[in-house]
$ cat my_file_29.txt   # compact mmCIF, C-alpha atoms and all ligand atoms
# COMPACT_ATOMS: atom_id res chain seq x y z
CA MET T 68 82.99 -25.56 132.87
CA ILE T 69 80.18 -23.32 134.10
CA PHE T 70 79.14 -23.16 137.76
CA ASP T 71 75.81 -21.50 138.56
CA ILE T 72 75.28 -20.77 142.25
CA LEU T 73 71.87 -19.97 143.73
CA THR T 74 72.08 -18.16 147.07
CA ILE T 75 70.54 -15.39 149.14
CA PHE T 76 74.09 -14.24 150.06
CA PRO T 77 75.88 -13.67 146.71
CA SER T 78 78.65 -11.53 148.20
CA MET T 79 79.89 -14.47 150.30
CA PHE T 80 81.38 -15.90 147.11
CA THR T 81 83.38 -12.89 145.95
CA SER T 82 86.71 -13.46 147.66
CA PRO T 83 86.80 -17.27 148.03
CA LEU T 84 86.11 -17.75 144.32
CA GLY T 85 88.00 -14.66 143.18
CA GLU T 86 91.44 -15.43 144.62
CA SER T 87 94.12 -18.02 144.10
CA MET T 88 93.72 -20.96 141.72
CA VAL T 89 89.98 -20.65 141.19
CA GLY T 90 90.34 -16.90 140.53
CA LYS T 91 93.11 -17.58 138.00
CA ALA T 92 91.04 -20.27 136.32
CA ARG T 93 88.19 -17.77 135.94
CA GLU T 94 90.52 -15.10 134.51
CA ARG T 95 91.85 -17.59 132.03
CA GLY T 96 88.34 -18.62 131.00
CA LEU T 97 88.79 -22.23 132.10
CA ILE T 98 85.78 -21.94 134.38
CA GLU T 99 82.91 -19.50 134.67
CA VAL T 100 81.21 -18.90 138.03
CA ARG T 101 77.81 -17.22 137.87
CA VAL T 102 76.34 -16.26 141.23
CA HIS T 103 72.59 -15.64 141.27
CA ASN T 104 70.60 -13.98 144.04
CA ILE T 105 67.53 -16.09 144.80
CA ARG T 106 65.83 -12.96 146.15
CA ASP T 107 65.80 -11.49 142.62
CA PHE T 108 63.31 -14.22 141.72
CA ALA T 109 61.05 -13.68 144.73
CA SER T 110 57.77 -11.81 144.32
CA GLY T 111 55.87 -9.36 146.53
CA ARG T 112 56.92 -6.13 148.12
CA HIS T 113 59.26 -7.86 150.59
CA GLN T 114 60.61 -10.46 148.16
CA MET T 115 60.41 -13.12 150.85
CA THR T 116 62.47 -16.24 150.20
CA ASP T 117 61.37 -18.16 153.30
CA ASP T 118 58.17 -18.98 155.16
CA ARG T 119 56.90 -20.90 158.21
CA PRO T 120 56.83 -24.71 158.07
CA PHE T 121 53.56 -26.54 157.39
CA GLY T 122 52.81 -28.72 160.39
CA GLY T 123 54.40 -26.24 162.74
CA GLY T 124 57.76 -26.27 164.45
CA GLU T 125 60.84 -24.13 164.81
CA GLY T 126 62.55 -22.15 162.10
CA MET T 127 61.81 -21.17 158.53
CA VAL T 128 61.79 -23.04 155.23
CA MET T 129 62.94 -21.68 151.87
CA LYS T 130 60.00 -21.20 149.52
CA PRO T 131 60.00 -23.15 146.25
CA GLU T 132 58.93 -20.40 143.82
CA PRO T 133 62.05 -18.18 143.98
CA ILE T 134 64.43 -21.15 143.68
CA VAL T 135 62.54 -22.79 140.82
CA GLY T 136 62.11 -19.37 139.17
CA ALA T 137 65.87 -18.89 139.32
CA LEU T 138 66.48 -22.40 137.95
CA ARG T 139 64.16 -21.77 134.98
CA ALA T 140 65.70 -18.38 134.23
CA ILE T 141 69.31 -19.54 134.27
CA ALA T 142 68.92 -22.98 132.68
CA ALA T 143 68.17 -21.31 129.35
CA ASN T 144 71.59 -19.62 129.24
CA GLY T 145 74.08 -22.31 128.38
CA PRO T 146 74.51 -26.06 128.14
CA THR T 147 72.40 -28.58 130.04
CA ALA T 148 73.40 -28.72 133.67
CA ALA T 149 73.23 -31.07 136.60
CA THR T 150 71.40 -29.44 139.51
CA ILE T 151 72.68 -30.16 142.99
CA LEU T 152 71.18 -29.15 146.32
CA MET T 153 73.65 -28.53 149.14
CA THR T 154 72.02 -29.94 152.28
CA PRO T 155 73.01 -31.72 155.51
CA GLN T 156 70.72 -34.55 154.31
CA GLY T 157 72.78 -35.11 151.14
CA ARG T 158 75.20 -37.85 150.15
CA LEU T 159 78.69 -37.24 151.52
CA PHE T 160 80.82 -35.31 149.02
CA ASN T 161 84.18 -36.95 148.32
CA GLN T 162 87.00 -37.04 145.75
CA GLU T 163 85.19 -39.60 143.61
CA THR T 164 82.16 -37.31 143.32
CA ALA T 165 84.45 -34.36 142.56
CA ARG T 166 86.00 -36.35 139.73
CA ARG T 167 82.59 -37.35 138.35
CA LEU T 168 81.28 -33.77 138.47
CA SER T 169 84.43 -32.43 136.78
CA ARG T 170 83.41 -34.26 133.58
CA LEU T 171 80.18 -32.23 133.26
CA PRO T 172 79.92 -29.06 131.16
CA ARG T 173 77.84 -27.24 133.75
CA LEU T 174 76.82 -27.50 137.39
CA ILE T 175 74.04 -25.65 139.23
CA LEU T 176 74.49 -25.52 143.01
CA ILE T 177 71.58 -24.50 145.24
CA CYS T 178 72.55 -23.16 148.69
CA GLY T 179 69.95 -23.64 151.40
CA ARG T 180 69.54 -21.48 154.51
CA TYR T 181 67.35 -21.69 157.63
CA GLU T 182 66.04 -25.20 158.30
CA GLY T 183 66.35 -26.04 154.62
CA VAL T 184 64.43 -25.82 151.35
CA ASP T 185 60.90 -27.02 150.58
CA GLU T 186 61.20 -30.75 149.92
CA ARG T 187 59.45 -30.43 146.54
CA VAL T 188 62.52 -28.59 145.24
CA ALA T 189 64.71 -31.46 146.36
CA ASP T 190 62.32 -34.07 144.98
CA TYR T 191 61.46 -32.63 141.57
CA PHE T 192 64.07 -30.04 140.58
CA THR T 193 67.43 -31.50 141.53
CA ASP T 194 69.56 -34.38 140.28
CA ASP T 195 71.52 -34.92 143.47
CA GLN T 196 71.92 -33.68 147.04
CA LEU T 197 75.32 -33.28 148.69
CA SER T 198 76.65 -32.68 152.20
CA ILE T 199 80.32 -31.88 152.86
CA GLY T 200 80.49 -33.58 156.25
CA ASP T 201 78.89 -34.33 159.57
CA TYR T 202 78.97 -30.91 161.18
CA VAL T 203 76.42 -28.11 161.18
CA LEU T 204 77.00 -25.03 159.02
CA THR T 205 74.80 -21.92 158.90
CA GLY T 206 73.94 -22.55 155.24
CA GLY T 207 74.96 -24.25 152.03
CA GLU T 208 77.21 -21.44 150.76
CA LEU T 209 80.51 -22.63 152.22
CA ALA T 210 79.65 -26.17 151.14
CA ALA T 211 79.05 -25.00 147.56
CA MET T 212 82.42 -23.21 147.58
CA VAL T 213 84.08 -26.44 148.70
CA VAL T 214 82.50 -28.28 145.77
CA VAL T 215 83.52 -25.58 143.24
CA ASP T 216 87.09 -25.58 144.58
CA ALA T 217 87.46 -29.36 144.58
CA VAL T 218 85.95 -29.75 141.10
CA ALA T 219 87.70 -26.78 139.47
CA ARG T 220 91.20 -27.92 140.40
CA LEU T 221 90.61 -31.18 138.52
CA LEU T 222 89.89 -29.43 135.21
CA PRO T 223 92.54 -29.51 132.48
CA GLY T 224 94.91 -26.56 132.79
CA VAL T 225 93.74 -25.31 136.18
CA LEU T 226 96.50 -26.81 138.32
CA GLY T 227 98.94 -27.18 135.47
CA ASN T 228 97.75 -30.78 135.27
CA GLU T 229 97.28 -31.06 131.51
CA GLY T 230 94.11 -33.09 131.81
CA SER T 231 96.15 -35.94 133.20
CA ALA T 232 94.89 -38.25 135.90
CA LEU T 233 97.50 -36.62 138.12
CA GLU T 234 94.77 -36.82 140.71
CA ASP T 235 95.86 -40.18 142.03
CA SER T 236 96.73 -39.21 145.57
CA PHE T 237 93.36 -40.42 146.86
CA SER T 238 93.16 -43.49 144.63
CA GLU T 239 95.55 -45.01 147.13
CA PRO T 240 93.94 -43.93 150.38
CA VAL T 241 97.10 -43.05 152.29
CA LEU T 242 97.96 -39.77 154.01
CA GLU T 243 100.99 -37.81 152.80
CA TYR T 244 104.38 -38.00 154.43
CA PRO T 245 105.56 -34.91 156.40
CA HIS T 246 107.16 -32.06 154.45
CA TYR T 247 110.02 -29.77 155.54
CA THR T 248 111.81 -26.80 154.02
CA ARG T 249 114.48 -24.29 155.08
CA PRO T 250 115.73 -23.32 157.57
CA ARG T 251 117.33 -26.55 158.81
CA ASP T 252 117.08 -25.19 162.35
CA PHE T 253 113.91 -23.28 163.15
CA GLU T 254 114.01 -21.93 166.72
CA GLY T 255 115.87 -25.05 167.83
CA LEU T 256 113.54 -27.39 165.91
CA SER T 257 115.50 -29.53 163.48
CA VAL T 258 114.60 -31.34 160.27
CA PRO T 259 114.71 -35.18 160.35
CA PRO T 260 118.37 -35.93 159.46
CA VAL T 261 117.36 -38.65 156.98
CA LEU T 262 116.07 -35.93 154.62
CA LEU T 263 119.58 -34.39 154.51
CA CYS T 264 121.43 -37.66 153.87
CA GLY T 265 121.19 -37.44 150.08
CA ASN T 266 120.24 -41.12 149.65
CA HIS T 267 117.02 -41.04 147.63
CA GLU T 268 116.15 -44.68 148.31
CA THR T 269 116.55 -44.20 152.09
CA ILE T 270 114.42 -41.07 151.89
CA ARG T 271 111.73 -42.81 149.83
CA ARG T 272 111.46 -45.63 152.40
CA TRP T 273 111.37 -43.17 155.33
CA ARG T 274 108.59 -41.19 153.67
CA ARG T 275 106.57 -44.32 152.93
CA THR T 276 106.97 -45.44 156.55
CA GLN T 277 105.81 -42.05 157.84
CA ALA T 278 102.84 -42.06 155.48
CA LEU T 279 101.77 -45.53 156.62
CA LEU T 280 102.28 -44.80 160.33
CA ARG T 281 100.29 -41.58 160.31
CA THR T 282 97.52 -43.15 158.23
CA ARG T 283 97.23 -46.01 160.76
CA MET T 284 97.28 -43.55 163.67
CA ARG T 285 95.03 -40.77 162.35
CA ARG T 286 92.81 -42.48 159.79
CA PRO T 287 92.25 -46.11 160.78
CA ASP T 288 89.28 -46.11 158.36
CA LEU T 289 91.67 -45.49 155.43
CA PHE T 290 94.35 -47.82 156.78
CA GLU T 291 91.87 -50.72 156.84
CA ARG T 292 91.28 -50.33 153.09
CA LEU T 293 95.00 -50.12 152.23
CA GLU T 294 96.51 -52.98 150.28
CA LEU T 295 99.91 -53.25 151.92
CA SER T 296 102.78 -54.44 149.76
CA PRO T 297 105.42 -56.80 151.19
CA GLU T 298 107.72 -53.75 151.47
CA ASP T 299 105.01 -51.82 153.35
CA ARG T 300 104.80 -54.65 155.89
CA GLU T 301 108.58 -54.59 156.34
CA LEU T 302 108.59 -50.81 156.78
CA LEU T 303 105.84 -50.96 159.40
CA GLU T 304 107.68 -53.73 161.22
CA GLU T 305 110.87 -51.63 161.28
CA GLY T 306 108.85 -48.51 162.10
CA LYS T 307 108.01 -49.99 165.49
CA ASN T 308 111.62 -49.46 166.52
C1 LIG A 401 68.26 -28.56 163.54
C2 LIG A 401 68.45 -29.46 162.41
N1 LIG A 401 69.49 -28.99 161.50
C3 LIG A 401 69.98 -30.12 160.67
C4 LIG A 401 71.28 -30.64 161.17
C5 LIG A 401 68.93 -27.98 160.61
C6 LIG A 401 69.90 -27.36 159.70
C7 LIG A 401 71.13 -26.94 160.13
C8 LIG A 401 72.01 -26.30 159.26
C9 LIG A 401 69.56 -27.19 158.38
C10 LIG A 401 70.43 -26.58 157.51
C11 LIG A 401 71.66 -26.12 157.97
C12 LIG A 401 72.57 -25.42 157.05
N2 LIG A 401 73.55 -26.34 156.44
C13 LIG A 401 73.57 -26.56 155.13
O1 LIG A 401 72.78 -25.98 154.44
C14 LIG A 401 74.54 -27.48 154.58
C15 LIG A 401 75.52 -28.30 155.21
C16 LIG A 401 75.91 -28.48 156.57
O2 LIG A 401 75.38 -27.90 157.53
N3 LIG A 401 76.90 -29.37 156.86
C17 LIG A 401 77.55 -30.08 155.88
N4 LIG A 401 77.22 -29.93 154.60
C18 LIG A 401 76.23 -29.06 154.29
S1 LIG A 401 75.68 -28.76 152.74
C19 LIG A 401 74.56 -27.67 153.21
$ encode --input "my_file_29.txt" --output "structure tokens" --more "lines below"
Ligand code: 9D3
Amino acid sequence: MIFDILTIFPSMFTSPLGESMVGKARERGLIEVRVHNIRDFASGRHQMTDDRPFGGGEGMVMKPEPIVGALRAIAANGPTAATILMTPQGRLFNQETARRLSRLPRLILICGRYEGVDERVADYFTDDQLSIGDYVLTGGELAAMVVVDAVARLLPGVLGNEGSALEDSFSEPVLEYPHYTRPRDFEGLSVPPVLLCGNHETIRRWRRTQALLRTRMRRPDLFERLELSPEDRELLEEGKN
């Protein structure tokens, strides 16, 4: 899969997309990440990528010509792509969207800065607009990295998931149970004894109880959508004690 990223800060992407799983996936040729500097497609002596808003007001707006120029230049090199604008006004990015995007051969991500990009880019040159959550970032770059990371790990071979639908953890919207490893005693903090008992059925039920309890406590929105099995109801009933 090819990711094309349009940004005025190309170097922001070097380390986050060069290390770890995504970096390995690039080395192995499973994904290709092409970062393009929007400024390279700006004209004039100062190669300005932004300008003052029509109608007045605070801040600057990204000009359409450099972004559309970049889109036209890069679209020619490779398969047809879906073009996505990263913006606080976008649809909320989630695992379902990550899964859908992972089936595409190529994705172009436009990173906005300042107050945003000229609306004509959004209206006529993109297929979708995505936000990664209800908080204010300084630009779309980190959001684009989140999308690349979430999509790349779903691709066959990247995680060692051989194209399987191993990605089922969010199909049942429940948080994970708590994990522990050695040492058994860390600065006087012990591991729940049940995990050392050796009874796999007891451990399975404890973990399920913990998962349900923390989902109810921390993510009531997810808990509401859960379809509790008869066993789940028993575990929650016992979990009160
Ligand atoms: C003052 C009004 N602001 C809107 C909340 C303007 C504004 C703030 C920050 C416009 C753009 C930005 C930069 N953010 C993004 O480009 C962005 C973003 C985000 O801020 N949060 C979550 N997802 C995303 S995707 C792109």
$ closest_residue --input "my_file_29.txt" --among "T:Glu182, T:Thr154, T:Gly145, T:Ala210" --to "Gly124 in chain T" --atoms "all atoms listed in the file"
T:Glu182
$ closest_residue --input "my_file_29.txt" --among "T:Leu84, T:Ile134, T:Ile75, T:Leu256" --to "Val214 in chain T" --atoms "all atoms listed in the file"
T:Leu84
$ closest_residue --input "my_file_29.txt" --among "T:Leu222, T:Leu159, T:Met115, T:Leu174" --to "ligand LIG 401 (chain A)" --atoms "all atoms listed in the file"
T:Leu159
$ closest_atom_pairs --input "my_file_29.txt" --of "chain T" --to "ligand LIG 401 (chain A)" --cutoff "6 Å" --atoms "all atoms listed in the file" --output "CSV"
residue,atom,partner,partner_atom,distance
T:Met153,CA,A:LIG401,S1,4.1
T:Thr154,CA,A:LIG401,C19,3.5
T:Pro155,CA,A:LIG401,C15,4.3
T:Gly179,CA,A:LIG401,O1,4.8
T:Arg180,CA,A:LIG401,O1,5.5
T:Tyr181,CA,A:LIG401,C10,5.8
T:Glu182,CA,A:LIG401,C9,4.0
T:Gly183,CA,A:LIG401,C10,5.0
T:Ser198,CA,A:LIG401,N4,3.7
T:Ile199,CA,A:LIG401,N4,4.1
T:Gly200,CA,A:LIG401,C17,4.6
T:Asp201,CA,A:LIG401,C17,5.8
T:Tyr202,CA,A:LIG401,N3,5.0
T:Val203,CA,A:LIG401,O2,3.8
T:Leu204,CA,A:LIG401,O2,3.6
T:Thr205,CA,A:LIG401,C12,4.5
T:Gly206,CA,A:LIG401,C12,3.7
T:Gly207,CA,A:LIG401,C19,3.6
T:Ala210,CA,A:LIG401,S1,5.0
$ residues_around --input "my_file_29.txt" --residues "Val135 in chain T" --least-positions-apart "6" --cutoff "12 Å" --atoms "all atoms listed in the file" --output "PDB file with C-alpha atoms, in the coordinates of the input"
ATOM      1  CA  LEU T  73      71.870 -19.970 143.730  1.00  0.00           C
ATOM      2  CA  ILE T 105      67.530 -16.090 144.800  1.00  0.00           C
ATOM      3  CA  ARG T 106      65.830 -12.960 146.150  1.00  0.00           C
ATOM      4  CA  ASP T 107      65.800 -11.490 142.620  1.00  0.00           C
ATOM      5  CA  PHE T 108      63.310 -14.220 141.720  1.00  0.00           C
ATOM      6  CA  ALA T 109      61.050 -13.680 144.730  1.00  0.00           C
ATOM      7  CA  THR T 116      62.470 -16.240 150.200  1.00  0.00           C
ATOM      8  CA  MET T 129      62.940 -21.680 151.870  1.00  0.00           C
ATOM      9  CA  ILE T 141      69.310 -19.540 134.270  1.00  0.00           C
ATOM     10  CA  ALA T 142      68.920 -22.980 132.680  1.00  0.00           C
ATOM     11  CA  THR T 150      71.400 -29.440 139.510  1.00  0.00           C
ATOM     12  CA  ILE T 175      74.040 -25.650 139.230  1.00  0.00           C
ATOM     13  CA  ILE T 177      71.580 -24.500 145.240  1.00  0.00           C
ATOM     14  CA  VAL T 184      64.430 -25.820 151.350  1.00  0.00           C
ATOM     15  CA  ASP T 185      60.900 -27.020 150.580  1.00  0.00           C
ATOM     16  CA  ARG T 187      59.450 -30.430 146.540  1.00  0.00           C
ATOM     17  CA  VAL T 188      62.520 -28.590 145.240  1.00  0.00           C
ATOM     18  CA  ALA T 189      64.710 -31.460 146.360  1.00  0.00           C
ATOM     19  CA  TYR T 191      61.460 -32.630 141.570  1.00  0.00           C
ATOM     20  CA  PHE T 192      64.070 -30.040 140.580  1.00  0.00           C
ATOM     21  CA  THR T 193      67.430 -31.500 141.530  1.00  0.00           C
TER      22      THR T 193
END
$ closest_residue --input "my_file_29.txt" --among "T:Asp194, T:Phe76, T:Gly136, T:Ser257" --to "Arg158 in chain T" --atoms "all atoms listed in the file"
T:Asp194
$ atom_distance --input "my_file_29.txt" --atom1 "CA of Gln156 in chain T" --atom2 "CA of Leu209 in chain T"
15.6 Å
$ residues_around --input "my_file_29.txt" --residues "Glu99 in chain T" --least-positions-apart "4" --cutoff "10 Å" --atoms "all atoms listed in the file" --output "PyMOL selection string"
chain T and resi 68-71+89-90+92-95+173+219
$ closest_residue --input "my_file_29.txt" --among "T:Pro240, T:Gly265, T:Pro133, T:Gly96" --to "Leu289 in chain T" --atoms "only C-alpha atoms"
T:Pro240
$ residues_around --input "my_file_29.txt" --residues "Met212 in chain T" --least-positions-apart "6" --cutoff "10 Å" --atoms "only C-alpha atoms" --output "number ranges by chain"
T: 72, 79-80, 83-84, 176, 178, 218
$ atom_distance --input "my_file_29.txt" --atom1 "CA of Asp252 in chain T" --atom2 "CA of Leu303 in chain T"
28.3 Å
$ atom_distance --input "my_file_29.txt" --atom1 "CA of Val241 in chain T" --atom2 "CA of Glu301 in chain T"
16.8 Å
$ residues_near_point --input "my_file_29.txt" --point "(112.8, -45.1, 153.7)" --cutoff "12 Å" --atoms "only C-alpha atoms" --output "PyMOL selection string"
chain T and resi 244+261-262+264-279+298-299+301-303+305-306
$ decode --input "my_file_29.txt" --residues "range 137-224 of chain T" --atoms "C-alpha atoms" --output "PDB file, in the first residue's frame"
ATOM      1  CA  ALA T 137       0.903  18.677  -5.405  1.00  0.00           C
ATOM      2  CA  LEU T 138      -2.139  16.415  -5.838  1.00  0.00           C
ATOM      3  CA  ARG T 139      -1.900  16.633  -9.648  1.00  0.00           C
ATOM      4  CA  ALA T 140       1.842  15.989  -9.653  1.00  0.00           C
ATOM      5  CA  ILE T 141       1.754  12.931  -7.406  1.00  0.00           C
ATOM      6  CA  ALA T 142      -1.489  11.326  -8.609  1.00  0.00           C
ATOM      7  CA  ALA T 143       0.226  10.431 -11.880  1.00  0.00           C
ATOM      8  CA  ASN T 144       2.818   8.244 -10.119  1.00  0.00           C
ATOM      9  CA  GLY T 145       1.029   5.085  -9.116  1.00  0.00           C
ATOM     10  CA  PRO T 146      -2.401   3.538  -8.727  1.00  0.00           C
ATOM     11  CA  THR T 147      -5.589   5.537  -8.207  1.00  0.00           C
ATOM     12  CA  ALA T 148      -5.793   6.855  -4.679  1.00  0.00           C
ATOM     13  CA  ALA T 149      -8.382   8.026  -2.204  1.00  0.00           C
ATOM     14  CA  THR T 150      -7.627  11.582  -1.081  1.00  0.00           C
ATOM     15  CA  ILE T 151      -8.300  12.433   2.539  1.00  0.00           C
ATOM     16  CA  LEU T 152      -8.086  15.802   4.254  1.00  0.00           C
ATOM     17  CA  MET T 153      -7.077  15.745   7.922  1.00  0.00           C
ATOM     18  CA  THR T 154      -9.191  18.417   9.620  1.00  0.00           C
ATOM     19  CA  PRO T 155     -10.935  19.037  12.967  1.00  0.00           C
ATOM     20  CA  GLN T 156     -14.158  19.274  10.906  1.00  0.00           C
ATOM     21  CA  GLY T 157     -13.803  15.703   9.608  1.00  0.00           C
ATOM     22  CA  ARG T 158     -15.633  12.498  10.471  1.00  0.00           C
ATOM     23  CA  LEU T 159     -14.205  10.823  13.560  1.00  0.00           C
ATOM     24  CA  PHE T 160     -11.513   8.291  12.622  1.00  0.00           C
ATOM     25  CA  ASN T 161     -12.072   4.859  14.169  1.00  0.00           C
ATOM     26  CA  GLN T 162     -11.108   1.195  13.755  1.00  0.00           C
ATOM     27  CA  GLU T 163     -13.846   0.592  11.201  1.00  0.00           C
ATOM     28  CA  THR T 164     -12.481   3.378   8.992  1.00  0.00           C
ATOM     29  CA  ALA T 165      -8.948   2.036   9.454  1.00  0.00           C
ATOM     30  CA  ARG T 166     -10.132  -1.367   8.258  1.00  0.00           C
ATOM     31  CA  ARG T 167     -11.909   0.137   5.237  1.00  0.00           C
ATOM     32  CA  LEU T 168      -8.875   2.222   4.249  1.00  0.00           C
ATOM     33  CA  SER T 169      -6.542  -0.774   4.608  1.00  0.00           C
ATOM     34  CA  ARG T 170      -8.260  -2.389   1.596  1.00  0.00           C
ATOM     35  CA  LEU T 171      -7.200   0.461  -0.727  1.00  0.00           C
ATOM     36  CA  PRO T 172      -4.040   0.337  -2.857  1.00  0.00           C
ATOM     37  CA  ARG T 173      -3.144   3.945  -2.149  1.00  0.00           C
ATOM     38  CA  LEU T 174      -4.040   6.774   0.211  1.00  0.00           C
ATOM     39  CA  ILE T 175      -3.242  10.485  -0.094  1.00  0.00           C
ATOM     40  CA  LEU T 176      -3.367  12.392   3.203  1.00  0.00           C
ATOM     41  CA  ILE T 177      -3.429  16.194   3.209  1.00  0.00           C
ATOM     42  CA  CYS T 178      -2.219  17.850   6.430  1.00  0.00           C
ATOM     43  CA  GLY T 179      -3.676  21.267   7.141  1.00  0.00           C
ATOM     44  CA  ARG T 180      -2.044  24.017   9.217  1.00  0.00           C
ATOM     45  CA  TYR T 181      -3.165  27.435  10.470  1.00  0.00           C
ATOM     46  CA  GLU T 182      -6.950  27.827  10.555  1.00  0.00           C
ATOM     47  CA  GLY T 183      -7.304  25.200   7.845  1.00  0.00           C
ATOM     48  CA  VAL T 184      -7.305  24.822   4.068  1.00  0.00           C
ATOM     49  CA  ASP T 185      -9.367  26.711   1.491  1.00  0.00           C
ATOM     50  CA  GLU T 186     -12.781  25.037   1.462  1.00  0.00           C
ATOM     51  CA  ARG T 187     -12.633  24.485  -2.317  1.00  0.00           C
ATOM     52  CA  VAL T 188      -9.882  21.915  -1.730  1.00  0.00           C
ATOM     53  CA  ALA T 189     -12.120  20.088   0.715  1.00  0.00           C
ATOM     54  CA  ASP T 190     -15.148  20.352  -1.570  1.00  0.00           C
ATOM     55  CA  TYR T 191     -13.676  19.429  -4.952  1.00  0.00           C
ATOM     56  CA  PHE T 192     -10.372  17.611  -4.450  1.00  0.00           C
ATOM     57  CA  THR T 193     -10.908  15.191  -1.586  1.00  0.00           C
ATOM     58  CA  ASP T 194     -12.931  12.020  -1.095  1.00  0.00           C
ATOM     59  CA  ASP T 195     -13.213  12.233   2.670  1.00  0.00           C
ATOM     60  CA  GLN T 196     -12.271  14.368   5.678  1.00  0.00           C
ATOM     61  CA  LEU T 197     -11.100  12.859   8.958  1.00  0.00           C
ATOM     62  CA  SER T 198     -10.501  14.067  12.512  1.00  0.00           C
ATOM     63  CA  ILE T 199      -8.766  11.888  15.114  1.00  0.00           C
ATOM     64  CA  GLY T 200     -10.671  13.249  18.101  1.00  0.00           C
ATOM     65  CA  ASP T 201     -12.173  16.190  19.914  1.00  0.00           C
ATOM     66  CA  TYR T 202      -9.043  18.049  20.949  1.00  0.00           C
ATOM     67  CA  VAL T 203      -7.090  20.781  19.206  1.00  0.00           C
ATOM     68  CA  LEU T 204      -3.770  19.961  17.527  1.00  0.00           C
ATOM     69  CA  THR T 205      -1.418  22.449  15.867  1.00  0.00           C
ATOM     70  CA  GLY T 206      -1.892  20.791  12.477  1.00  0.00           C
ATOM     71  CA  GLY T 207      -2.913  17.657  10.637  1.00  0.00           C
ATOM     72  CA  GLU T 208       0.527  16.004  10.676  1.00  0.00           C
ATOM     73  CA  LEU T 209       0.175  14.008  13.890  1.00  0.00           C
ATOM     74  CA  ALA T 210      -3.335  13.023  12.836  1.00  0.00           C
ATOM     75  CA  ALA T 211      -2.028  11.725   9.493  1.00  0.00           C
ATOM     76  CA  MET T 212       0.621   9.678  11.318  1.00  0.00           C
ATOM     77  CA  VAL T 213      -2.100   8.156  13.478  1.00  0.00           C
ATOM     78  CA  VAL T 214      -4.010   7.115  10.358  1.00  0.00           C
ATOM     79  CA  VAL T 215      -0.904   5.635   8.672  1.00  0.00           C
ATOM     80  CA  ASP T 216      -0.026   3.704  11.840  1.00  0.00           C
ATOM     81  CA  ALA T 217      -3.535   2.346  12.393  1.00  0.00           C
ATOM     82  CA  VAL T 218      -3.978   1.349   8.742  1.00  0.00           C
ATOM     83  CA  ALA T 219      -0.490  -0.085   8.189  1.00  0.00           C
ATOM     84  CA  ARG T 220      -0.691  -2.526  11.091  1.00  0.00           C
ATOM     85  CA  LEU T 221      -3.782  -4.108   9.513  1.00  0.00           C
ATOM     86  CA  LEU T 222      -1.988  -4.990   6.273  1.00  0.00           C
ATOM     87  CA  PRO T 223      -1.039  -8.618   5.623  1.00  0.00           C
ATOM     88  CA  GLY T 224       2.414  -9.402   7.005  1.00  0.00           C
TER      89      GLY T 224
END
